[in-house]
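Working notes, structure below.
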Amino acid sequence: MNTMTSGKVESAVDTSRRRFLGNAGTVALFTGLAGAADRGARAAQSGAQSSGMSGLTSIATVHTVAADPTRLPPPIHRSHAIHHDIALEARELRAGLADGCEFLFMTWGGQIPAPMIRVRQGDTVTLTVSSAASNERPHCLDIHAVYGSGGGAIATMVPPGGTRREFFKCIYPGAFIYHCAVMGMDEHISRGMFGMILVEPYEGLPAVDREFYIGQHELYTREPFGSSGLLHFDFAAMTREDPNFVLFNGRAEGLTAGALGAMQANAGETVRVFMVNGGPNLTSSFHPVGNVWKRCWPQGALANSPLGYVQTQPVAPGSCFVGDMELPAGETIKLVDHALSRVARKGLMAEIAVSGAADPALFRALA
Amino acid sequence: MNTMTSGKVESAVDTSRRRFLGNAGTVALFTGLAGAADRGARAAQSGAQSSGMSGLTSIATVHTVAADPTRLPPPIHRSHAIHHDIALEARELRAGLADGCEFLFMTWGGQIPAPMIRVRQGDTVTLTVSSAASNERPHCLDIHAVYGSGGGAIATMVPPGGTRREFFKCIYPGAFIYHCAVMGMDEHISRGMFGMILVEPYEGLPAVDREFYIGQHELYTREPFGSSGLLHFDFAAMTREDPNFVLFNGRAEGLTAGALGAMQANAGETVRVFMVNGGPNLTSSFHPVGNVWKRCWPQGALANSPLGYVQTQPVAPGSCFVGDMELPAGETIKLVDHALSRVARKGLMAEIAVSGAADPALFRALA
Amino acid sequence: MNTMTSGKVESAVDTSRRRFLGNAGTVALFTGLAGAADRGARAAQSGAQSSGMSGLTSIATVHTVAADPTRLPPPIHRSHAIHHDIALEARELRAGLADGCEFLFMTWGGQIPAPMIRVRQGDTVTLTVSSAASNERPHCLDIHAVYGSGGGAIATMVPPGGTRREFFKCIYPGAFIYHCAVMGMDEHISRGMFGMILVEPYEGLPAVDREFYIGQHELYTREPFGSSGLLHFDFAAMTREDPNFVLFNGRAEGLTAGALGAMQANAGETVRVFMVNGGPNLTSSFHPVGNVWKRCWPQGALANSPLGYVQTQPVAPGSCFVGDMELPAGETIKLVDHALSRVARKGLMAEIAVSGAADPALFRALA
């Protein structure tokens, strides 16, 4: 263990752009999208909620909390362990949920999913967990890669304005969820407090040309899908596991060409999708429309041999998925939960726009 | 590639018989059960639905849309690729849903599940998709075995009376769903527009004595289970993922001795069940009562080694299942989704009647 | 086959103790917790239910029906087959569901989950199924380890006061559910009539230091979570698959230090959890908070190689799970279904209290 990386959540994204970069190049470890919270922030002036989030005074408003799916730490090419010094800040934010409506999100680092943490099996981490003074609630972190009571939830409990630190060693490989774990954690996760820690196996992962990182979760609102204004949390609906919104990255159809922008790739590439399912309740039946998971690791369990050519893979709430696709031709691939009413009626959709020629030997429309 | 098969959907089944043939012998590739739509068809005189299916003028009525589970293309014994010329017609049909009630189904080829398409890895297909002039809605096909935008959904979009064609090559092996993929596809799939394309691996599948082909889906109706007359689609219930009917083949308890007839097999045989779960929303926990999946391929992913001796296998919506059973003795095996309220209260049930002697060394009632 | 074990359900547990023994030592095969039904029993004086369980006259009341998770048959160290003579009695019991409320449970042997039956592949069983004369309903057993119509359900159908017997041979390995399978079986399973039969593979299972046995199921009540008094079954809620309680062992948060007691283990041990998911409807996303399934067999399918390092494993209703954990340090591990509203709002929680020192090289809170 002879190197130390520093992983503060940085402000690196211009929220005015409407298209995610397809060739972001190398990025610093743990560079998040926290910038969303820092630019254009203003006090939310409305939206008291019976749930206790008043939203009246101090909650900042941002355009979106959707993480850029192309911003994630690069693959690891080390054969030795290192130590990481990582900081995550809890931020409650008012942001767009769909066109014409907003919601009071809870985030780590101002983004959904929370910044991906990427380490190697055997690495150690010092994690600093803080909570913005403007927050209204306590928060903490349960990290599925951690041996420790509550996955570290007790050690990281922070009130608004507070800071806590913990040390842990990543013993076992896999793509693991981390999430808020206070009493009533299902609400906090639904509102956005979940992300992935990727613990690469000693031998690393197979090389691919491009990686994406997204998170599924569902939102329980009193107002139906399609409503305007500030929407309010519905605890009874959550108890029934009956959401009005099922989302990638906290935004209805956000990761599409018609909204924040599609992900970009090129024909001939192999791409990897890291997906974390926060839930809090729904299993995702994760499917790439117009493609197949050529190689995938159910539940993110990287210690096992991957499965080949899976059309639709169940991803439990509180779990992850790692899957690779080949892109033999130009097309638009839609990532969906194949429980299709969530796509047709609740906003779940992400797109990968694949540039390149069609391959008429593989597929073509006929006259 | 030196052979061409022709796979028009044919009318081959007498809908007046009440029992599925257990020894149907060889059948032509892609022989469907479209006959149901052709005999006894009459204009439906009632049943306007707010969903837009008026049912007032042109929708034909048939006894049942349940596919015969014994009619599927035979196993492939080739070591070379061929080309297939296949036709599928969208047909909206009024048919029996349960004793005393009817429903406006949407089908491919007049049957649920849609005709099984069976090819070998590396084969090519020219698919002609047409829509009966009597239909009220547009339809199209997303085929999970196809590389192409929407799985071919754009290339195959057909209005009533229309015809479109596409060409595709099946690169990867597996049992894949194909399904309608228009806007509001969840309704079309719920009403019946889904089937399986089986892409056999180069090396084929292990030989069995008998194969069956069935499809699970759920129906969302305004009227509760047990109602009479023409039932109507309930979009709010679909949004809640709260169906009144969960079915094999579009008919409540259809594939049983008490209704359309049980599947038939003989003690000493090994049988294979191909199951496609259209959903649109529910995961099936697929279990053979009184038996076990001796060998099965979760999600239809035939590129992987099968699992052995699985009692209950999750099958995601928008996915498939291939499972084999040994039949050591005469008994009746019930195929169920082990979410048992769907069996006890929503019509989900299929039976395999196994002829042959009991084996008292294996199981017997005692005095 | 040269030995016979006798497995009557015995009364071996003092229900007055509030803490499960962590070092119960060796126990007789099939020793259940039926004692709960025998001590302090009294006629329930209230609680008529429209479902047909009047509860007016003969249903006995006990403190709890929660099985002691440490009482299960020991691992098998045999290389030959034997015959087992096992008895299970159906008992309908009024018992505590949560603090301040009771429910009319249905059990095998007075406990939830029903007593674990543990045999070796190739073993034979004579099973005597009886029903207490005080019961109001018929009951029977579908055993997933049995080749036979209904998994033996027909052969074991018993009215109140009745007795039936069956013989079966366990041909295939695995952890299988057994459950009541009368008409309306979903209600009987929800009320508690399910357990596990473990058929160890010929070669046995990897040795561990400690084993636990628990069962998940969901309860559908008319009264919301948190109500007092005798709660009543809600058939409409079951049809919607919308329970008010999701439980381990028939008791809200029962297997915790605050209620009936946590399970106990020691740092340095490897422990195994046998979990049976009765359902009747919900898939469990089974996760150990603060740990990982180092080795597990999805759906209890022991014929297959186990998966390594799985954070959250789907367990279908009508299926089982076998998973092992290492306990590198003292902590409290919480077993949950990671559909977290079931934990936060419906009573699902079990704890394993691991005695021993923390390992600061692995995890520690920092100043």
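Chain labels run A, B, ... following the order of the structure tokens; each chain numbers its residues from 1, and ligands are numbered from 1 in the order shown.
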
Please determine the contact residues of chain C with respect to chain A at a cut-off of 8 Å, counting only C-alpha atoms, and supply them as an MDAnalysis selection string.
chainID C and resid 242:243 285 289:292 307:314 328:329 331:334 338:342 344:345 361:367

Could you name the residues that touch A:Asp99 at 9 Å or less, counting only C-alpha atoms, but leaving out those on the same chain fewer than 6 positions away, as a count of residues only?
4

Within 12 Å of C:Pro159, counting only C-alpha atoms, which residues qualify if same-chain residues fewer than 2 places away don't, as an mmCIF file with C-alpha atoms, in the first residue's frame?
```cif
data_model
loop_
_atom_site.group_PDB
_atom_site.id
_atom_site.type_symbol
_atom_site.label_atom_id
_atom_site.label_comp_id
_atom_site.auth_asym_id
_atom_site.auth_seq_id
_atom_site.Cartn_x
_atom_site.Cartn_y
_atom_site.Cartn_z
ATOM 1 C CA GLU C 89 -48.998 -31.897 13.063
ATOM 2 C CA ALA C 90 -51.047 -28.999 11.715
ATOM 3 C CA ARG C 91 -51.917 -26.574 14.503
ATOM 4 C CA VAL C 129 -49.336 -35.790 8.718
ATOM 5 C CA SER C 130 -51.935 -35.098 11.356
ATOM 6 C CA SER C 131 -54.224 -32.227 12.173
ATOM 7 C CA ALA C 132 -55.124 -31.128 15.688
ATOM 8 C CA ALA C 133 -58.744 -31.763 16.526
ATOM 9 C CA SER C 134 -59.076 -28.124 17.519
ATOM 10 C CA ASN C 135 -58.323 -26.956 13.974
ATOM 11 C CA GLU C 136 -61.038 -25.466 11.795
ATOM 12 C CA ARG C 137 -59.585 -26.122 8.337
ATOM 13 C CA PRO C 138 -58.290 -28.968 6.238
ATOM 14 C CA HIS C 139 -54.554 -28.982 5.512
ATOM 15 C CA CYS C 140 -52.047 -30.930 3.415
ATOM 16 C CA THR C 156 -51.649 -35.911 2.901
ATOM 17 C CA MET C 157 -54.982 -34.066 2.951
ATOM 18 C CA GLY C 161 -58.459 -34.606 13.882
ATOM 19 C CA GLY C 162 -57.308 -36.634 10.890
ATOM 20 C CA THR C 163 -54.072 -38.441 10.118
ATOM 21 C CA ARG C 164 -52.538 -39.506 6.799
ATOM 22 C CA VAL C 182 -55.253 -26.862 -0.086
#
```

Here's a check: after a least-squares fit over all in-order C-alpha atoms, write chain B in the frame of chain C, as a short mmCIF file (atom, residue, chain, number, x, y, z; two decimals) with C-alpha atoms, in the first residue's frame.
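Saved as result.cif:
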```cif
data_model
loop_
_atom_site.label_atom_id
_atom_site.label_comp_id
_atom_site.auth_asym_id
_atom_site.auth_seq_id
_atom_site.Cartn_x
_atom_site.Cartn_y
_atom_site.Cartn_z
CA MET B 1 -30.39 -48.29 4.13
CA ASN B 2 -29.79 -49.58 7.57
CA THR B 3 -30.80 -47.04 10.14
CA MET B 4 -34.06 -45.46 11.11
CA THR B 5 -34.44 -42.14 12.80
CA SER B 6 -37.55 -41.07 14.58
CA GLY B 7 -38.55 -37.50 14.11
CA LYS B 8 -41.59 -36.66 16.13
CA VAL B 9 -42.02 -33.01 16.77
CA GLU B 10 -41.04 -32.49 20.39
CA SER B 11 -41.71 -29.85 22.95
CA ALA B 12 -38.31 -28.59 23.82
CA VAL B 13 -38.42 -24.87 24.26
CA ASP B 14 -39.27 -22.69 27.22
CA THR B 15 -41.23 -19.90 25.69
CA SER B 16 -40.63 -17.66 28.68
CA ARG B 17 -36.99 -17.10 27.78
CA ARG B 18 -36.43 -14.04 25.71
CA ARG B 19 -33.17 -14.96 24.05
CA PHE B 20 -32.40 -17.69 21.63
CA LEU B 21 -29.59 -19.95 22.69
CA GLY B 22 -26.44 -19.38 20.73
CA ASN B 23 -24.86 -22.66 21.76
CA ALA B 24 -27.73 -25.05 21.93
CA GLY B 25 -25.40 -27.96 21.27
CA THR B 26 -26.65 -31.08 19.64
CA VAL B 27 -30.36 -31.47 19.19
CA ALA B 28 -32.41 -34.41 18.12
CA LEU B 29 -33.35 -34.66 14.49
CA PHE B 30 -36.51 -32.73 13.75
CA THR B 31 -36.84 -31.34 17.22
CA GLY B 32 -39.33 -28.62 16.76
CA LEU B 33 -40.63 -25.83 18.90
CA ALA B 34 -44.08 -27.20 19.32
CA GLY B 35 -43.90 -26.52 23.01
CA ALA B 36 -45.18 -23.06 22.36
CA ALA B 37 -48.55 -24.54 21.66
CA ASP B 38 -48.60 -26.72 24.72
CA ARG B 39 -47.85 -24.33 27.51
CA GLY B 40 -50.19 -21.64 28.59
CA ALA B 41 -52.64 -22.62 25.94
CA ARG B 42 -56.10 -21.27 26.46
CA ALA B 43 -59.14 -20.94 24.35
CA ALA B 44 -59.24 -17.76 22.37
CA GLN B 45 -62.32 -15.83 23.36
CA SER B 46 -62.60 -13.40 20.53
CA GLY B 47 -61.62 -12.78 17.01
CA ALA B 48 -64.24 -14.09 14.64
CA GLN B 49 -63.06 -13.69 11.07
CA SER B 50 -65.09 -13.60 7.97
CA SER B 51 -62.50 -15.86 6.45
CA GLY B 52 -64.00 -18.75 8.31
CA MET B 53 -61.61 -18.97 11.22
CA SER B 54 -63.99 -18.21 14.03
CA GLY B 55 -61.43 -18.36 16.78
CA LEU B 56 -64.35 -18.50 19.16
CA THR B 57 -64.03 -21.88 20.71
CA SER B 58 -61.12 -24.09 20.22
CA ILE B 59 -58.09 -22.25 18.90
CA ALA B 60 -55.30 -22.36 21.48
CA THR B 61 -53.34 -19.24 22.30
CA VAL B 62 -49.56 -19.20 22.70
CA HIS B 63 -47.02 -16.48 23.31
CA THR B 64 -45.31 -16.90 19.97
CA VAL B 65 -45.14 -19.25 17.02
CA ALA B 66 -41.66 -18.04 16.07
CA ALA B 67 -39.33 -20.96 15.60
CA ASP B 68 -36.00 -20.81 17.38
CA PRO B 69 -33.58 -20.28 14.48
CA THR B 70 -30.87 -22.27 16.27
CA ARG B 71 -32.93 -25.44 16.52
CA LEU B 72 -32.35 -27.45 13.41
CA PRO B 73 -31.09 -30.95 12.68
CA PRO B 74 -27.29 -31.22 12.58
CA PRO B 75 -25.25 -31.76 9.40
CA ILE B 76 -25.21 -35.26 8.02
CA HIS B 77 -22.04 -37.32 8.11
CA ARG B 78 -23.18 -40.51 6.46
CA SER B 79 -22.23 -42.20 3.24
CA HIS B 80 -25.25 -44.50 3.13
CA ALA B 81 -28.97 -43.96 2.83
CA ILE B 82 -31.34 -44.32 5.77
CA HIS B 83 -35.06 -44.23 6.36
CA HIS B 84 -36.75 -41.48 8.39
CA ASP B 85 -40.03 -41.69 10.23
CA ILE B 86 -41.27 -38.14 10.58
CA ALA B 87 -44.46 -36.68 12.00
CA LEU B 88 -45.89 -33.22 11.41
CA GLU B 89 -49.03 -31.91 13.05
CA ALA B 90 -51.06 -29.02 11.70
CA ARG B 91 -51.94 -26.59 14.49
CA GLU B 92 -53.98 -23.42 14.20
CA LEU B 93 -52.87 -21.09 16.94
CA ARG B 94 -53.55 -17.60 18.20
CA ALA B 95 -50.24 -15.90 18.98
CA GLY B 96 -48.47 -12.58 19.18
CA LEU B 97 -47.72 -10.95 15.84
CA ALA B 98 -46.18 -7.76 17.21
CA ASP B 99 -46.25 -5.95 20.51
CA GLY B 100 -49.87 -5.50 21.45
CA CYS B 101 -51.43 -7.45 18.61
CA GLU B 102 -52.23 -11.06 17.86
CA PHE B 103 -53.11 -13.13 14.87
CA LEU B 104 -54.62 -16.52 14.08
CA PHE B 105 -51.68 -18.43 12.67
CA MET B 106 -51.65 -21.79 10.94
CA THR B 107 -48.57 -23.87 11.61
CA TRP B 108 -46.89 -27.20 11.25
CA GLY B 109 -45.70 -28.28 14.67
CA GLY B 110 -46.70 -25.02 16.31
CA GLN B 111 -43.88 -23.03 14.75
CA ILE B 112 -43.01 -20.75 11.82
CA PRO B 113 -41.18 -21.82 9.79
CA ALA B 114 -42.24 -25.43 10.20
CA PRO B 115 -39.61 -27.84 11.55
CA MET B 116 -36.68 -28.33 9.21
CA ILE B 117 -36.51 -31.84 7.86
CA ARG B 118 -32.93 -32.84 7.03
CA VAL B 119 -32.11 -35.89 4.97
CA ARG B 120 -29.45 -37.08 2.56
CA GLN B 121 -29.89 -37.61 -1.15
CA GLY B 122 -31.19 -41.16 -1.58
CA ASP B 123 -32.83 -41.31 1.87
CA THR B 124 -36.44 -42.39 2.24
CA VAL B 125 -39.13 -40.91 4.47
CA THR B 126 -42.38 -42.09 5.98
CA LEU B 127 -44.27 -38.93 6.80
CA THR B 128 -47.25 -38.91 9.12
CA VAL B 129 -49.36 -35.81 8.70
CA SER B 130 -51.97 -35.11 11.33
CA SER B 131 -54.26 -32.25 12.14
CA ALA B 132 -55.15 -31.14 15.65
CA ALA B 133 -58.79 -31.79 16.49
CA SER B 134 -59.11 -28.14 17.48
CA ASN B 135 -58.35 -26.95 13.95
CA GLU B 136 -61.06 -25.47 11.77
CA ARG B 137 -59.60 -26.13 8.31
CA PRO B 138 -58.28 -28.96 6.19
CA HIS B 139 -54.56 -28.99 5.48
CA CYS B 140 -52.05 -30.94 3.40
CA LEU B 141 -48.44 -30.84 2.26
CA ASP B 142 -46.81 -30.06 -1.07
CA ILE B 143 -43.14 -31.00 -0.65
CA HIS B 144 -40.85 -29.72 -3.41
CA ALA B 145 -38.47 -32.64 -2.86
CA VAL B 146 -41.14 -35.18 -3.82
CA TYR B 147 -42.04 -36.66 -7.20
CA GLY B 148 -45.79 -37.14 -6.91
CA SER B 149 -49.01 -35.38 -7.80
CA GLY B 150 -49.17 -32.11 -5.94
CA GLY B 151 -45.88 -32.94 -4.27
CA GLY B 152 -47.92 -35.29 -2.11
CA ALA B 153 -50.74 -32.84 -1.51
CA ILE B 154 -53.46 -35.34 -2.31
CA ALA B 155 -51.99 -38.14 -0.21
CA THR B 156 -51.68 -35.91 2.85
CA MET B 157 -54.99 -34.06 2.92
CA VAL B 158 -56.23 -34.15 6.49
CA PRO B 159 -59.39 -32.77 8.09
CA PRO B 160 -59.30 -31.59 11.71
CA GLY B 161 -58.49 -34.61 13.82
CA GLY B 162 -57.34 -36.64 10.83
CA THR B 163 -54.10 -38.45 10.08
CA ARG B 164 -52.55 -39.51 6.73
CA ARG B 165 -49.26 -41.09 5.81
CA GLU B 166 -47.06 -41.11 2.75
CA PHE B 167 -43.75 -42.60 1.71
CA PHE B 168 -41.22 -40.85 -0.49
CA LYS B 169 -37.63 -41.08 -1.61
CA CYS B 170 -35.49 -37.97 -1.96
CA ILE B 171 -33.81 -38.36 -5.32
CA TYR B 172 -32.43 -34.92 -5.95
CA PRO B 173 -30.45 -32.60 -3.67
CA GLY B 174 -31.42 -29.13 -2.57
CA ALA B 175 -33.08 -26.98 0.06
CA PHE B 176 -36.78 -27.27 -0.72
CA ILE B 177 -39.88 -25.68 0.67
CA TYR B 178 -42.81 -27.69 1.91
CA HIS B 179 -46.12 -25.92 2.36
CA CYS B 180 -49.84 -26.38 2.75
CA ALA B 181 -51.50 -26.79 -0.63
CA VAL B 182 -55.27 -26.86 -0.11
CA MET B 183 -57.56 -24.65 -2.17
CA GLY B 184 -56.77 -21.19 -0.92
CA MET B 185 -53.25 -22.27 -0.10
CA ASP B 186 -51.99 -18.70 -0.35
CA GLU B 187 -53.87 -17.85 2.85
CA HIS B 188 -52.55 -20.92 4.67
CA ILE B 189 -48.96 -20.15 3.70
CA SER B 190 -49.33 -16.50 4.60
CA ARG B 191 -50.60 -17.59 8.02
CA GLY B 192 -47.51 -19.74 8.46
CA MET B 193 -47.77 -23.22 6.95
CA PHE B 194 -44.38 -23.60 5.32
CA GLY B 195 -40.96 -24.98 6.17
CA MET B 196 -37.83 -26.50 4.64
CA ILE B 197 -36.75 -30.00 3.77
CA LEU B 198 -33.02 -30.04 3.23
CA VAL B 199 -31.81 -32.86 1.01
CA GLU B 200 -28.05 -32.85 1.42
CA PRO B 201 -26.10 -33.86 -1.68
CA TYR B 202 -24.30 -37.21 -1.52
CA GLU B 203 -21.06 -35.41 -0.79
CA GLY B 204 -22.60 -33.22 1.93
CA LEU B 205 -22.24 -29.48 2.34
CA PRO B 206 -19.06 -27.58 3.19
CA ALA B 207 -18.53 -27.55 6.94
CA VAL B 208 -19.40 -24.37 8.84
CA ASP B 209 -19.25 -23.44 12.50
CA ARG B 210 -22.90 -22.63 13.03
CA GLU B 211 -26.20 -22.90 11.22
CA PHE B 212 -29.42 -20.87 11.45
CA TYR B 213 -32.84 -21.55 10.00
CA ILE B 214 -35.44 -18.86 9.33
CA GLY B 215 -38.48 -18.29 7.13
CA GLN B 216 -39.83 -15.21 5.39
CA HIS B 217 -43.51 -14.68 4.63
CA GLU B 218 -45.95 -11.83 4.35
CA LEU B 219 -49.24 -11.23 6.17
CA TYR B 220 -52.25 -9.47 4.75
CA THR B 221 -54.29 -7.79 7.46
CA ARG B 222 -57.26 -5.47 7.40
CA GLU B 223 -55.73 -3.39 10.16
CA PRO B 224 -52.58 -1.39 9.41
CA PHE B 225 -49.16 -2.12 10.86
CA GLY B 226 -49.09 -0.83 14.41
CA SER B 227 -52.66 -1.78 15.28
CA SER B 228 -53.61 -3.44 18.57
CA GLY B 229 -55.72 -6.45 19.36
CA LEU B 230 -56.52 -9.41 17.15
CA LEU B 231 -55.81 -8.59 13.50
CA HIS B 232 -57.89 -10.04 10.70
CA PHE B 233 -56.95 -11.51 7.35
CA ASP B 234 -57.51 -9.33 4.27
CA PHE B 235 -58.14 -11.37 1.13
CA ALA B 236 -58.42 -8.32 -1.10
CA ALA B 237 -54.98 -7.15 0.00
CA MET B 238 -53.54 -10.60 -0.71
CA THR B 239 -55.04 -10.49 -4.18
CA ARG B 240 -53.26 -7.15 -4.69
CA GLU B 241 -50.05 -8.67 -3.22
CA ASP B 242 -50.05 -5.72 -0.82
CA PRO B 243 -49.24 -6.95 2.71
CA ASN B 244 -49.14 -4.92 5.91
CA PHE B 245 -46.58 -7.23 7.49
CA VAL B 246 -43.49 -8.90 6.05
CA LEU B 247 -41.96 -11.18 8.63
CA PHE B 248 -39.34 -13.64 9.61
CA ASN B 249 -40.86 -16.47 11.64
CA GLY B 250 -44.32 -14.99 12.11
CA ARG B 251 -43.30 -12.18 14.43
CA ALA B 252 -42.60 -8.53 13.63
CA GLU B 253 -38.92 -7.91 14.35
CA GLY B 254 -39.05 -11.08 16.41
CA LEU B 255 -35.52 -12.35 15.94
CA THR B 256 -33.90 -9.23 17.39
CA ALA B 257 -32.37 -8.28 20.70
CA GLY B 258 -35.36 -6.09 21.43
CA ALA B 259 -37.89 -8.88 21.09
CA LEU B 260 -37.38 -12.66 21.18
CA GLY B 261 -33.62 -12.36 20.99
CA ALA B 262 -30.95 -12.12 18.34
CA MET B 263 -29.14 -15.10 16.93
CA GLN B 264 -25.68 -15.45 18.49
CA ALA B 265 -22.33 -16.18 16.92
CA ASN B 266 -18.65 -15.51 17.51
CA ALA B 267 -16.08 -13.61 15.56
CA GLY B 268 -13.90 -15.95 13.55
CA GLU B 269 -16.73 -18.32 12.77
CA THR B 270 -18.33 -19.10 9.46
CA VAL B 271 -22.10 -19.33 9.72
CA ARG B 272 -24.76 -20.67 7.39
CA VAL B 273 -28.26 -19.31 6.98
CA PHE B 274 -31.00 -21.57 5.66
CA MET B 275 -33.88 -19.38 4.57
CA VAL B 276 -37.22 -20.54 3.21
CA ASN B 277 -39.44 -17.97 1.53
CA GLY B 278 -43.04 -19.03 1.90
CA GLY B 279 -44.34 -15.89 0.33
CA PRO B 280 -47.09 -16.54 -0.69
CA ASN B 281 -46.32 -13.79 -3.21
CA LEU B 282 -43.24 -11.68 -2.59
CA THR B 283 -39.74 -12.26 -3.87
CA SER B 284 -37.17 -11.56 -1.17
CA SER B 285 -34.00 -9.63 -1.94
CA PHE B 286 -32.06 -11.27 0.84
CA HIS B 287 -29.12 -9.29 2.22
CA PRO B 288 -26.96 -9.41 5.36
CA VAL B 289 -26.36 -5.82 6.50
CA GLY B 290 -22.67 -5.37 7.31
CA ASN B 291 -21.66 -8.58 5.57
CA VAL B 292 -21.96 -10.45 2.28
CA TRP B 293 -23.01 -13.94 1.18
CA LYS B 294 -19.51 -15.29 0.78
CA ARG B 295 -20.92 -18.47 -0.69
CA CYS B 296 -24.54 -19.07 -1.57
CA TRP B 297 -26.85 -21.31 -3.51
CA PRO B 298 -29.64 -19.36 -5.24
CA GLN B 299 -33.09 -20.90 -4.89
CA GLY B 300 -31.50 -23.54 -2.64
CA ALA B 301 -30.29 -25.44 -5.71
CA LEU B 302 -27.44 -27.34 -4.04
CA ALA B 303 -26.61 -29.39 -7.13
CA ASN B 304 -24.85 -26.34 -8.56
CA SER B 305 -21.61 -24.60 -7.71
CA PRO B 306 -22.29 -21.83 -5.22
CA LEU B 307 -21.93 -18.17 -6.10
CA GLY B 308 -19.30 -16.11 -4.30
CA TYR B 309 -19.63 -12.71 -2.63
CA VAL B 310 -23.22 -11.84 -3.42
CA GLN B 311 -24.59 -8.79 -1.61
CA THR B 312 -28.31 -9.32 -2.26
CA GLN B 313 -29.81 -12.51 -3.63
CA PRO B 314 -33.34 -12.82 -5.04
CA VAL B 315 -35.29 -15.63 -3.37
CA ALA B 316 -38.52 -16.50 -5.15
CA PRO B 317 -41.68 -17.23 -3.19
CA GLY B 318 -41.95 -20.98 -2.95
CA SER B 319 -38.20 -21.36 -2.88
CA CYS B 320 -35.22 -21.39 -0.53
CA PHE B 321 -31.79 -19.93 -0.01
CA VAL B 322 -28.63 -21.32 1.53
CA GLY B 323 -25.86 -18.83 2.24
CA ASP B 324 -22.65 -18.69 4.25
CA MET B 325 -20.99 -15.70 5.87
CA GLU B 326 -17.60 -15.20 7.42
CA LEU B 327 -17.60 -13.21 10.65
CA PRO B 328 -14.24 -11.47 10.79
CA ALA B 329 -15.12 -9.22 13.73
CA GLY B 330 -17.68 -8.50 16.39
CA GLU B 331 -20.70 -6.61 15.05
CA THR B 332 -24.43 -6.98 14.70
CA ILE B 333 -25.53 -8.30 11.33
CA LYS B 334 -29.09 -7.62 10.27
CA LEU B 335 -30.79 -9.99 7.86
CA VAL B 336 -33.23 -8.14 5.62
CA ASP B 337 -35.19 -8.21 2.43
CA HIS B 338 -33.60 -5.19 0.70
CA ALA B 339 -37.02 -4.07 -0.53
CA LEU B 340 -36.52 -1.72 2.38
CA SER B 341 -40.06 -0.53 2.99
CA ARG B 342 -40.66 -4.06 4.25
CA VAL B 343 -37.95 -3.42 6.82
CA ALA B 344 -38.84 0.17 7.62
CA ARG B 345 -42.61 -0.25 7.70
CA LYS B 346 -43.64 -3.92 7.89
CA GLY B 347 -41.60 -5.62 10.58
CA LEU B 348 -39.01 -7.58 8.60
CA MET B 349 -35.80 -7.89 10.60
CA ALA B 350 -33.55 -10.51 12.15
CA GLU B 351 -30.24 -9.98 13.90
CA ILE B 352 -27.09 -12.01 14.35
CA ALA B 353 -25.11 -10.67 17.29
CA VAL B 354 -21.46 -11.52 16.70
CA SER B 355 -19.42 -11.59 19.89
CA GLY B 356 -15.77 -10.71 19.66
CA ALA B 357 -13.37 -7.88 19.17
CA ALA B 358 -13.58 -5.38 16.39
CA ASP B 359 -10.84 -5.60 13.76
CA PRO B 360 -9.61 -2.04 13.27
CA ALA B 361 -7.57 -3.12 10.23
CA LEU B 362 -10.86 -3.95 8.57
CA PHE B 363 -13.24 -1.28 9.82
CA ARG B 364 -13.20 1.47 12.40
CA ALA B 365 -14.86 4.73 13.19
CA LEU B 366 -12.43 7.65 13.19
CA ALA B 367 -12.43 10.70 15.37
#
```

Pick out each residue of stretch 40-182 of chain C that DSSP on the backbone tags as strand (DSSP E or B); I need them as number ranges by chain.
C: 43, 60-62, 66, 83-98, 101-108, 111-112, 114-120, 124-131, 139, 142-143, 158, 163-169, 174-179

Write down as a list of chain:residue names the residues belonging to stretch 25-192 of chain B that are assigned alpha helix (DSSP H) by DSSP computed on the backbone.
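Reading the DSSP output for stretch 25-192 of chain B, alpha helix (DSSP H) covers B:Gly35, B:Ala36, B:Ala37, B:Asp38, B:Met185, B:Asp186, B:Glu187, B:His188, B:Ile189, B:Ser190.
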